[in-house]
file structure.txt (compact mmCIF, N, CA and C atoms)
# COMPACT_ATOMS: atom_id res chain seq x y z
N MET A 1 -33.99 89.19 28.83
CA MET A 1 -35.07 88.90 29.76
C MET A 1 -35.77 87.59 29.37
N GLU A 2 -36.06 87.45 28.07
CA GLU A 2 -36.77 86.25 27.63
C GLU A 2 -35.95 84.99 27.89
N LYS A 3 -34.64 85.07 27.69
CA LYS A 3 -33.79 83.90 27.93
C LYS A 3 -33.83 83.48 29.39
N VAL A 4 -33.83 84.45 30.28
CA VAL A 4 -33.89 84.15 31.72
C VAL A 4 -35.22 83.50 32.06
N LEU A 5 -36.32 84.03 31.51
CA LEU A 5 -37.64 83.45 31.78
C LEU A 5 -37.76 82.03 31.23
N LEU A 6 -37.22 81.80 30.04
CA LEU A 6 -37.25 80.45 29.48
C LEU A 6 -36.42 79.48 30.31
N LYS A 7 -35.31 79.95 30.83
CA LYS A 7 -34.49 79.10 31.70
C LYS A 7 -35.26 78.75 32.97
N LEU A 8 -35.93 79.74 33.56
CA LEU A 8 -36.76 79.48 34.74
C LEU A 8 -37.87 78.48 34.42
N ALA A 9 -38.48 78.63 33.25
CA ALA A 9 -39.56 77.71 32.85
C ALA A 9 -39.03 76.29 32.70
N ARG A 10 -37.86 76.12 32.11
CA ARG A 10 -37.27 74.79 31.97
C ARG A 10 -36.97 74.18 33.34
N GLN A 11 -36.46 75.00 34.24
CA GLN A 11 -36.16 74.50 35.59
C GLN A 11 -37.45 74.09 36.31
N LEU A 12 -38.48 74.90 36.21
CA LEU A 12 -39.76 74.59 36.85
C LEU A 12 -40.36 73.32 36.25
N ALA A 13 -40.28 73.17 34.95
CA ALA A 13 -40.85 72.00 34.27
C ALA A 13 -40.14 70.70 34.69
N ALA A 14 -38.93 70.81 35.19
CA ALA A 14 -38.19 69.63 35.62
C ALA A 14 -38.68 69.09 36.97
N PHE A 15 -39.46 69.88 37.71
CA PHE A 15 -39.95 69.46 39.00
C PHE A 15 -41.22 68.62 38.86
N ASP A 16 -41.46 67.80 39.85
CA ASP A 16 -42.64 66.96 39.92
C ASP A 16 -43.80 67.76 40.51
N GLU A 17 -44.95 67.73 39.84
CA GLU A 17 -46.10 68.50 40.31
C GLU A 17 -46.51 68.12 41.74
N ALA A 18 -46.49 66.84 42.05
CA ALA A 18 -46.90 66.41 43.40
C ALA A 18 -45.98 67.00 44.46
N SER A 19 -44.70 67.06 44.19
CA SER A 19 -43.76 67.64 45.15
C SER A 19 -44.04 69.12 45.34
N LEU A 20 -44.31 69.81 44.24
CA LEU A 20 -44.63 71.24 44.33
C LEU A 20 -45.94 71.46 45.09
N MET A 21 -46.95 70.63 44.79
CA MET A 21 -48.25 70.81 45.44
C MET A 21 -48.17 70.55 46.94
N SER A 22 -47.19 69.77 47.39
CA SER A 22 -47.06 69.55 48.83
C SER A 22 -46.66 70.83 49.55
N LEU A 23 -46.17 71.83 48.81
CA LEU A 23 -45.79 73.11 49.39
C LEU A 23 -46.90 74.16 49.29
N TRP A 24 -47.99 73.83 48.59
CA TRP A 24 -49.03 74.81 48.31
C TRP A 24 -49.60 75.43 49.57
N GLU A 25 -50.01 74.63 50.53
CA GLU A 25 -50.63 75.15 51.76
C GLU A 25 -49.70 76.11 52.49
N GLU A 26 -48.43 75.72 52.60
CA GLU A 26 -47.46 76.56 53.31
C GLU A 26 -47.35 77.94 52.65
N TYR A 27 -47.21 77.96 51.33
CA TYR A 27 -47.03 79.24 50.65
C TYR A 27 -48.33 80.03 50.54
N ALA A 28 -49.46 79.36 50.44
CA ALA A 28 -50.75 80.07 50.44
C ALA A 28 -50.94 80.77 51.79
N GLY A 29 -50.52 80.10 52.87
CA GLY A 29 -50.60 80.71 54.19
C GLY A 29 -49.71 81.93 54.31
N ARG A 30 -48.49 81.82 53.80
CA ARG A 30 -47.57 82.96 53.86
C ARG A 30 -48.10 84.15 53.07
N VAL A 31 -48.65 83.86 51.90
CA VAL A 31 -49.17 84.92 51.04
C VAL A 31 -50.40 85.58 51.67
N SER A 32 -51.21 84.81 52.36
CA SER A 32 -52.42 85.37 52.96
C SER A 32 -52.11 86.32 54.12
N ARG A 33 -50.92 86.22 54.69
CA ARG A 33 -50.52 87.12 55.77
C ARG A 33 -49.59 88.19 55.20
N PHE A 34 -50.18 89.21 54.62
CA PHE A 34 -49.40 90.25 53.96
C PHE A 34 -48.43 90.94 54.91
N GLU A 35 -47.26 91.17 54.39
CA GLU A 35 -46.28 92.02 55.06
C GLU A 35 -45.46 92.68 53.95
N PRO A 36 -45.16 93.95 54.08
CA PRO A 36 -44.41 94.64 53.03
C PRO A 36 -42.92 94.27 53.10
N SER A 37 -42.60 93.05 52.62
CA SER A 37 -41.22 92.59 52.71
C SER A 37 -40.84 91.79 51.46
N ARG A 38 -39.56 91.65 51.27
CA ARG A 38 -39.05 90.85 50.15
C ARG A 38 -39.46 89.39 50.34
N ARG A 39 -39.48 88.93 51.60
CA ARG A 39 -39.85 87.55 51.90
C ARG A 39 -41.29 87.26 51.44
N TRP A 40 -42.22 88.20 51.68
CA TRP A 40 -43.60 88.03 51.25
C TRP A 40 -43.68 88.01 49.72
N GLU A 41 -42.95 88.92 49.07
CA GLU A 41 -42.95 88.97 47.60
C GLU A 41 -42.43 87.66 47.01
N GLU A 42 -41.39 87.11 47.59
CA GLU A 42 -40.86 85.84 47.12
C GLU A 42 -41.86 84.71 47.32
N ALA A 43 -42.59 84.73 48.45
CA ALA A 43 -43.61 83.71 48.70
C ALA A 43 -44.71 83.79 47.64
N VAL A 44 -45.09 85.01 47.24
CA VAL A 44 -46.10 85.18 46.19
C VAL A 44 -45.60 84.57 44.89
N LEU A 45 -44.36 84.81 44.55
CA LEU A 45 -43.80 84.26 43.31
C LEU A 45 -43.70 82.74 43.37
N VAL A 46 -43.32 82.18 44.52
CA VAL A 46 -43.26 80.73 44.66
C VAL A 46 -44.65 80.13 44.50
N LEU A 47 -45.65 80.73 45.15
CA LEU A 47 -47.03 80.24 45.02
C LEU A 47 -47.48 80.33 43.56
N GLY A 48 -47.13 81.41 42.90
CA GLY A 48 -47.48 81.56 41.49
C GLY A 48 -46.84 80.49 40.62
N MET A 49 -45.60 80.13 40.92
CA MET A 49 -44.92 79.07 40.15
C MET A 49 -45.57 77.72 40.40
N ILE A 50 -45.94 77.46 41.66
CA ILE A 50 -46.63 76.20 41.97
C ILE A 50 -47.94 76.13 41.20
N GLN A 51 -48.70 77.21 41.22
CA GLN A 51 -49.98 77.24 40.51
C GLN A 51 -49.77 77.18 39.00
N ALA A 52 -48.69 77.78 38.51
CA ALA A 52 -48.41 77.74 37.07
C ALA A 52 -48.15 76.30 36.62
N MET A 53 -47.43 75.53 37.43
CA MET A 53 -47.16 74.13 37.08
C MET A 53 -48.46 73.34 37.03
N ARG A 54 -49.32 73.56 38.01
CA ARG A 54 -50.61 72.87 38.05
C ARG A 54 -51.46 73.25 36.83
N PHE A 55 -51.49 74.54 36.52
CA PHE A 55 -52.25 75.02 35.36
C PHE A 55 -51.70 74.42 34.07
N LYS A 56 -50.38 74.40 33.93
CA LYS A 56 -49.76 73.83 32.74
C LYS A 56 -50.16 72.37 32.57
N ASN A 57 -50.12 71.60 33.65
CA ASN A 57 -50.46 70.18 33.56
C ASN A 57 -51.94 69.97 33.27
N GLN A 58 -52.81 70.79 33.88
CA GLN A 58 -54.24 70.67 33.59
C GLN A 58 -54.54 71.03 32.14
N LEU A 59 -53.90 72.08 31.64
CA LEU A 59 -54.11 72.49 30.25
C LEU A 59 -53.59 71.42 29.29
N PHE A 60 -52.42 70.87 29.59
CA PHE A 60 -51.85 69.79 28.78
C PHE A 60 -52.81 68.60 28.74
N ASN A 61 -53.29 68.17 29.92
CA ASN A 61 -54.20 67.02 29.98
C ASN A 61 -55.50 67.29 29.24
N HIS A 62 -56.00 68.53 29.34
CA HIS A 62 -57.22 68.89 28.63
C HIS A 62 -57.03 68.72 27.11
N HIS A 63 -55.95 69.27 26.59
CA HIS A 63 -55.70 69.18 25.15
C HIS A 63 -55.37 67.75 24.73
N TRP A 64 -54.65 67.05 25.57
CA TRP A 64 -54.29 65.67 25.26
C TRP A 64 -55.55 64.81 25.19
N ALA A 65 -56.45 65.01 26.16
CA ALA A 65 -57.70 64.24 26.18
C ALA A 65 -58.56 64.54 24.95
N ALA A 66 -58.52 65.79 24.49
CA ALA A 66 -59.31 66.16 23.31
C ALA A 66 -58.82 65.42 22.07
N THR A 67 -57.53 65.12 22.04
CA THR A 67 -56.99 64.39 20.89
C THR A 67 -57.09 62.88 21.09
N ALA A 68 -57.52 62.44 22.28
CA ALA A 68 -57.60 61.01 22.57
C ALA A 68 -58.92 60.39 22.11
N ALA A 69 -59.80 61.20 21.57
CA ALA A 69 -61.08 60.68 21.08
C ALA A 69 -60.82 59.70 19.95
N PRO A 70 -61.61 58.63 19.86
CA PRO A 70 -61.41 57.66 18.79
C PRO A 70 -61.39 58.35 17.42
N GLY A 71 -60.39 58.04 16.64
CA GLY A 71 -60.27 58.60 15.30
C GLY A 71 -59.60 59.95 15.24
N ALA A 72 -59.28 60.55 16.37
CA ALA A 72 -58.61 61.86 16.37
C ALA A 72 -57.18 61.67 15.89
N ALA A 73 -56.76 62.57 15.03
CA ALA A 73 -55.40 62.50 14.50
C ALA A 73 -54.42 63.02 15.53
N ILE A 74 -53.19 62.54 15.46
CA ILE A 74 -52.13 63.02 16.34
C ILE A 74 -51.86 64.48 15.99
N PRO A 75 -51.71 65.35 16.98
CA PRO A 75 -51.41 66.75 16.69
C PRO A 75 -50.19 66.87 15.81
N GLY A 76 -50.28 67.76 14.83
CA GLY A 76 -49.16 67.96 13.92
C GLY A 76 -49.30 67.18 12.62
N THR A 77 -50.32 66.31 12.52
CA THR A 77 -50.54 65.59 11.27
C THR A 77 -51.62 66.33 10.48
N ALA A 78 -51.76 65.98 9.24
CA ALA A 78 -52.74 66.65 8.39
C ALA A 78 -54.15 66.43 8.92
N ALA A 79 -54.99 67.44 8.76
CA ALA A 79 -56.36 67.38 9.28
C ALA A 79 -57.24 66.42 8.50
N GLY A 80 -56.80 65.98 7.35
CA GLY A 80 -57.62 65.12 6.51
C GLY A 80 -57.66 63.67 6.95
N GLY A 81 -57.31 63.40 8.20
CA GLY A 81 -57.39 62.03 8.68
C GLY A 81 -56.08 61.28 8.54
N LYS A 82 -55.07 61.92 7.97
CA LYS A 82 -53.78 61.25 7.84
C LYS A 82 -53.12 61.20 9.21
N GLY A 83 -52.31 60.22 9.41
CA GLY A 83 -51.65 60.09 10.71
C GLY A 83 -52.31 58.97 11.50
N THR A 84 -51.67 58.57 12.54
CA THR A 84 -52.16 57.48 13.37
C THR A 84 -53.27 57.96 14.28
N PRO A 85 -54.40 57.25 14.34
CA PRO A 85 -55.42 57.64 15.30
C PRO A 85 -54.85 57.57 16.71
N ARG A 86 -55.28 58.46 17.57
CA ARG A 86 -54.75 58.56 18.93
C ARG A 86 -54.95 57.26 19.70
N GLU A 87 -56.04 56.53 19.42
CA GLU A 87 -56.30 55.31 20.19
C GLU A 87 -55.23 54.25 19.97
N GLU A 88 -54.46 54.35 18.89
CA GLU A 88 -53.39 53.38 18.64
C GLU A 88 -52.06 53.84 19.24
N GLY A 89 -52.01 55.07 19.73
CA GLY A 89 -50.76 55.61 20.25
C GLY A 89 -50.82 55.77 21.76
N LEU A 90 -50.22 56.82 22.24
CA LEU A 90 -50.16 57.10 23.67
C LEU A 90 -51.52 57.56 24.19
N ARG A 91 -51.75 57.36 25.42
CA ARG A 91 -52.98 57.81 26.07
C ARG A 91 -52.64 58.85 27.12
N PRO A 92 -53.55 59.80 27.39
CA PRO A 92 -53.26 60.80 28.41
C PRO A 92 -53.15 60.17 29.79
N VAL A 93 -52.31 60.74 30.61
CA VAL A 93 -52.14 60.29 31.98
C VAL A 93 -53.03 61.15 32.86
N PRO A 94 -53.98 60.55 33.59
CA PRO A 94 -54.85 61.37 34.44
C PRO A 94 -54.05 62.01 35.56
N SER A 95 -54.50 63.18 36.01
CA SER A 95 -53.86 63.84 37.14
C SER A 95 -53.99 62.97 38.36
N GLN A 96 -52.95 62.97 39.19
CA GLN A 96 -52.99 62.22 40.43
C GLN A 96 -53.89 62.93 41.43
N PRO A 97 -54.86 62.24 42.02
CA PRO A 97 -55.69 62.88 43.02
C PRO A 97 -54.85 63.15 44.27
N ALA A 98 -55.19 64.22 44.96
CA ALA A 98 -54.48 64.55 46.20
C ALA A 98 -54.76 63.46 47.22
N ALA A 99 -53.77 63.15 48.03
CA ALA A 99 -53.93 62.10 49.05
C ALA A 99 -55.05 62.46 50.02
N ASP A 100 -55.14 63.72 50.38
CA ASP A 100 -56.16 64.17 51.32
C ASP A 100 -56.97 65.27 50.63
N PRO A 101 -58.22 64.99 50.23
CA PRO A 101 -59.01 66.00 49.51
C PRO A 101 -59.13 67.32 50.26
N ALA A 102 -59.06 67.30 51.59
CA ALA A 102 -59.16 68.53 52.36
C ALA A 102 -57.94 69.42 52.16
N LYS A 103 -56.84 68.85 51.67
CA LYS A 103 -55.61 69.63 51.49
C LYS A 103 -55.36 70.01 50.03
N ARG A 104 -56.36 69.89 49.20
CA ARG A 104 -56.20 70.28 47.81
C ARG A 104 -56.05 71.78 47.72
N GLY A 105 -55.39 72.25 46.71
CA GLY A 105 -55.18 73.68 46.52
C GLY A 105 -56.49 74.43 46.36
N LYS A 106 -56.46 75.67 46.79
CA LYS A 106 -57.65 76.52 46.69
C LYS A 106 -57.33 77.68 45.77
N LEU A 107 -58.35 78.25 45.17
CA LEU A 107 -58.18 79.40 44.32
C LEU A 107 -58.25 80.66 45.17
N LEU A 108 -57.23 81.47 45.10
CA LEU A 108 -57.23 82.73 45.83
C LEU A 108 -57.89 83.79 44.97
N THR A 109 -58.76 84.57 45.55
CA THR A 109 -59.40 85.65 44.83
C THR A 109 -58.56 86.90 44.97
N LEU A 110 -58.09 87.40 43.87
CA LEU A 110 -57.28 88.61 43.85
C LEU A 110 -58.06 89.69 43.14
N ARG A 111 -58.21 90.82 43.79
CA ARG A 111 -58.96 91.93 43.19
C ARG A 111 -58.05 93.16 43.12
N PRO A 112 -58.16 93.93 42.05
CA PRO A 112 -57.36 95.16 41.97
C PRO A 112 -57.86 96.17 42.99
N LYS A 113 -56.95 96.98 43.46
CA LYS A 113 -57.30 98.02 44.41
C LYS A 113 -58.16 99.05 43.70
N GLU A 114 -59.28 99.39 44.31
CA GLU A 114 -60.18 100.36 43.69
C GLU A 114 -59.73 101.76 44.06
N ASP A 115 -60.04 102.72 43.19
CA ASP A 115 -59.70 104.12 43.47
C ASP A 115 -60.34 104.55 44.78
N GLY A 116 -59.60 105.28 45.58
CA GLY A 116 -60.14 105.78 46.83
C GLY A 116 -59.85 104.89 48.02
N GLU A 117 -59.28 103.70 47.80
CA GLU A 117 -58.96 102.81 48.92
C GLU A 117 -57.61 103.15 49.47

call {"tool": "encode", "arguments": {"input": "structure.txt", "output": "structure tokens"}}
result
Amino acid sequence: MEKVLLKLARQLAAFDEASLMSLWEEYAGRVSRFEPSRRWEEAVLVLGMIQAMRFKNQLFNHHWAATAAPGAAIPGTAAGGKGTPREEGLRPVPSQPAADPAKRGKLLTLRPKEDGE
């Protein structure tokens, strides 16, 4: 099971976030119109993968920016200041803003079914 999931993760990581985000509205719409079908379940998984890519990139950029502070050591070097300061190495790449702010992804609120519903 883990090997299959890692293979899926590698395949997803090979895609461009902007290309995936262009599908966000379509799949969010499909997911919002519930139907008890395999097609709806697959749409939920596709939307989850799109959001997972976005989350991964935001988390990466957050951690990368934290190490970009002047004097911050490159991750994996000794904490005692050894290693090249980040300012002399690579810099984080900011996330690309959406072409149309009105079409940016939205957070879906998911709530567990309460007893008695």

call {"tool": "closest_residue", "arguments": {"input": "structure.txt", "among": "A:Met1, A:Val44, A:Ile50, A:Leu6", "to": "A:Trp24", "atoms": "only C-alpha atoms"}}
result
A:Ile50

call {"tool": "atom_distance", "arguments": {"input": "structure.txt", "atom1": "atom N of A:Asp16", "atom2": "atom N of A:Arg54"}}
result
9.9 Å

call {"tool": "axis_aligned_box", "arguments": {"input": "structure.txt", "around": "stretch 41-45 of chain A", "padding_each_side": "6 Å", "output": "lines of an AutoDock Vina configuration file"}}
result
center_x = -43.5
center_y = 85.9
center_z = 46.2
size_x = 17.2
size_y = 18.2
size_z = 17.8

call {"tool": "atom_distance", "arguments": {"input": "structure.txt", "atom1": "atom N of A:Arg30", "atom2": "atom CA of A:Ala52"}}
result
17.2 Å

call {"tool": "atom_distance", "arguments": {"input": "structure.txt", "atom1": "atom C of A:Met21", "atom2": "atom CA of A:Thr67"}}
result
28.2 Å

call {"tool": "residues_around", "arguments": {"input": "structure.txt", "residues": "A:Met53", "least_positions_apart": "6", "cutoff": "9 Å", "atoms": "only C-alpha atoms", "output": "PyMOL selection string"}}
result
chain A and resi 12-13+15-17+20

call {"tool": "closest_residue", "arguments": {"input": "structure.txt", "among": "A:Phe55, A:Tyr27, A:Val4, A:Arg10", "to": "A:Arg39", "atoms": "only C-alpha atoms"}}
result
A:Tyr27

call {"tool": "build_atoms", "arguments": {"input": "structure.txt", "residues": "stretch 44-55 of chain A", "atoms": "all heavy atoms", "output": "PDB file, keeping the file's coordinate frame"}}
result
ATOM      1  N   VAL A  44     -45.090  85.010  47.240  1.00  0.00           N
ATOM      2  CA  VAL A  44     -46.100  85.180  46.190  1.00  0.00           C
ATOM      3  C   VAL A  44     -45.600  84.570  44.890  1.00  0.00           C
ATOM      4  O   VAL A  44     -46.345  83.853  44.193  1.00  0.00           O
ATOM      5  CB  VAL A  44     -46.455  86.668  45.990  1.00  0.00           C
ATOM      6  CG1 VAL A  44     -47.336  86.857  44.762  1.00  0.00           C
ATOM      7  CG2 VAL A  44     -47.155  87.231  47.221  1.00  0.00           C
ATOM      8  N   LEU A  45     -44.360  84.810  44.550  1.00  0.00           N
ATOM      9  CA  LEU A  45     -43.800  84.260  43.310  1.00  0.00           C
ATOM     10  C   LEU A  45     -43.700  82.740  43.370  1.00  0.00           C
ATOM     11  O   LEU A  45     -43.990  82.053  42.372  1.00  0.00           O
ATOM     12  CB  LEU A  45     -42.438  84.883  43.016  1.00  0.00           C
ATOM     13  CG  LEU A  45     -42.491  86.378  42.683  1.00  0.00           C
ATOM     14  CD1 LEU A  45     -41.080  86.954  42.583  1.00  0.00           C
ATOM     15  CD2 LEU A  45     -43.276  86.626  41.412  1.00  0.00           C
ATOM     16  N   VAL A  46     -43.320  82.180  44.520  1.00  0.00           N
ATOM     17  CA  VAL A  46     -43.260  80.730  44.660  1.00  0.00           C
ATOM     18  C   VAL A  46     -44.650  80.130  44.500  1.00  0.00           C
ATOM     19  O   VAL A  46     -44.836  79.156  43.759  1.00  0.00           O
ATOM     20  CB  VAL A  46     -42.647  80.325  46.022  1.00  0.00           C
ATOM     21  CG1 VAL A  46     -42.837  78.838  46.295  1.00  0.00           C
ATOM     22  CG2 VAL A  46     -41.169  80.690  46.073  1.00  0.00           C
ATOM     23  N   LEU A  47     -45.650  80.730  45.150  1.00  0.00           N
ATOM     24  CA  LEU A  47     -47.030  80.240  45.020  1.00  0.00           C
ATOM     25  C   LEU A  47     -47.480  80.330  43.560  1.00  0.00           C
ATOM     26  O   LEU A  47     -48.109  79.403  43.043  1.00  0.00           O
ATOM     27  CB  LEU A  47     -47.973  81.027  45.927  1.00  0.00           C
ATOM     28  CG  LEU A  47     -49.436  80.584  45.903  1.00  0.00           C
ATOM     29  CD1 LEU A  47     -49.585  79.142  46.390  1.00  0.00           C
ATOM     30  CD2 LEU A  47     -50.285  81.514  46.752  1.00  0.00           C
ATOM     31  N   GLY A  48     -47.130  81.410  42.900  1.00  0.00           N
ATOM     32  CA  GLY A  48     -47.480  81.560  41.490  1.00  0.00           C
ATOM     33  C   GLY A  48     -46.840  80.490  40.620  1.00  0.00           C
ATOM     34  O   GLY A  48     -47.465  79.955  39.699  1.00  0.00           O
ATOM     35  N   MET A  49     -45.600  80.130  40.920  1.00  0.00           N
ATOM     36  CA  MET A  49     -44.920  79.070  40.150  1.00  0.00           C
ATOM     37  C   MET A  49     -45.570  77.720  40.400  1.00  0.00           C
ATOM     38  O   MET A  49     -45.729  76.922  39.470  1.00  0.00           O
ATOM     39  CB  MET A  49     -43.434  79.041  40.484  1.00  0.00           C
ATOM     40  CG  MET A  49     -42.678  80.217  39.908  1.00  0.00           C
ATOM     41  SD  MET A  49     -40.896  80.085  40.121  1.00  0.00           S
ATOM     42  CE  MET A  49     -40.719  80.509  41.841  1.00  0.00           C
ATOM     43  N   ILE A  50     -45.940  77.460  41.660  1.00  0.00           N
ATOM     44  CA  ILE A  50     -46.630  76.200  41.970  1.00  0.00           C
ATOM     45  C   ILE A  50     -47.940  76.130  41.200  1.00  0.00           C
ATOM     46  O   ILE A  50     -48.260  75.111  40.566  1.00  0.00           O
ATOM     47  CB  ILE A  50     -46.869  76.076  43.489  1.00  0.00           C
ATOM     48  CG1 ILE A  50     -45.538  75.921  44.224  1.00  0.00           C
ATOM     49  CG2 ILE A  50     -47.807  74.907  43.791  1.00  0.00           C
ATOM     50  CD1 ILE A  50     -45.648  76.066  45.737  1.00  0.00           C
ATOM     51  N   GLN A  51     -48.700  77.210  41.220  1.00  0.00           N
ATOM     52  CA  GLN A  51     -49.980  77.240  40.510  1.00  0.00           C
ATOM     53  C   GLN A  51     -49.770  77.180  39.000  1.00  0.00           C
ATOM     54  O   GLN A  51     -50.581  76.584  38.281  1.00  0.00           O
ATOM     55  CB  GLN A  51     -50.786  78.469  40.931  1.00  0.00           C
ATOM     56  CG  GLN A  51     -51.225  78.382  42.367  1.00  0.00           C
ATOM     57  CD  GLN A  51     -52.144  79.491  42.830  1.00  0.00           C
ATOM     58  OE1 GLN A  51     -52.742  79.343  43.857  1.00  0.00           O
ATOM     59  NE2 GLN A  51     -52.266  80.591  42.130  1.00  0.00           N
ATOM     60  N   ALA A  52     -48.690  77.780  38.510  1.00  0.00           N
ATOM     61  CA  ALA A  52     -48.410  77.740  37.070  1.00  0.00           C
ATOM     62  C   ALA A  52     -48.150  76.300  36.620  1.00  0.00           C
ATOM     63  O   ALA A  52     -48.606  75.883  35.550  1.00  0.00           O
ATOM     64  CB  ALA A  52     -47.215  78.629  36.742  1.00  0.00           C
ATOM     65  N   MET A  53     -47.430  75.530  37.430  1.00  0.00           N
ATOM     66  CA  MET A  53     -47.160  74.130  37.080  1.00  0.00           C
ATOM     67  C   MET A  53     -48.460  73.340  37.030  1.00  0.00           C
ATOM     68  O   MET A  53     -48.706  72.576  36.107  1.00  0.00           O
ATOM     69  CB  MET A  53     -46.204  73.509  38.097  1.00  0.00           C
ATOM     70  CG  MET A  53     -46.001  72.014  37.899  1.00  0.00           C
ATOM     71  SD  MET A  53     -45.218  71.583  36.346  1.00  0.00           S
ATOM     72  CE  MET A  53     -43.541  71.472  36.913  1.00  0.00           C
ATOM     73  N   ARG A  54     -49.320  73.560  38.010  1.00  0.00           N
ATOM     74  CA  ARG A  54     -50.610  72.870  38.050  1.00  0.00           C
ATOM     75  C   ARG A  54     -51.460  73.250  36.830  1.00  0.00           C
ATOM     76  O   ARG A  54     -52.058  72.397  36.174  1.00  0.00           O
ATOM     77  CB  ARG A  54     -51.355  73.215  39.349  1.00  0.00           C
ATOM     78  CG  ARG A  54     -52.678  72.547  39.504  1.00  0.00           C
ATOM     79  CD  ARG A  54     -52.504  71.092  39.839  1.00  0.00           C
ATOM     80  NE  ARG A  54     -53.816  70.518  40.123  1.00  0.00           N
ATOM     81  CZ  ARG A  54     -54.153  69.304  39.787  1.00  0.00           C
ATOM     82  NH1 ARG A  54     -53.302  68.510  39.216  1.00  0.00           N
ATOM     83  NH2 ARG A  54     -55.341  68.859  40.047  1.00  0.00           N
ATOM     84  N   PHE A  55     -51.490  74.540  36.520  1.00  0.00           N
ATOM     85  CA  PHE A  55     -52.250  75.020  35.360  1.00  0.00           C
ATOM     86  C   PHE A  55     -51.700  74.420  34.070  1.00  0.00           C
ATOM     87  O   PHE A  55     -52.460  73.957  33.221  1.00  0.00           O
ATOM     88  CB  PHE A  55     -52.190  76.549  35.297  1.00  0.00           C
ATOM     89  CG  PHE A  55     -52.812  77.122  34.055  1.00  0.00           C
ATOM     90  CD1 PHE A  55     -54.179  77.053  33.855  1.00  0.00           C
ATOM     91  CD2 PHE A  55     -52.027  77.721  33.084  1.00  0.00           C
ATOM     92  CE1 PHE A  55     -54.759  77.581  32.708  1.00  0.00           C
ATOM     93  CE2 PHE A  55     -52.601  78.240  31.938  1.00  0.00           C
ATOM     94  CZ  PHE A  55     -53.959  78.166  31.744  1.00  0.00           C
TER      95      PHE A  55
END
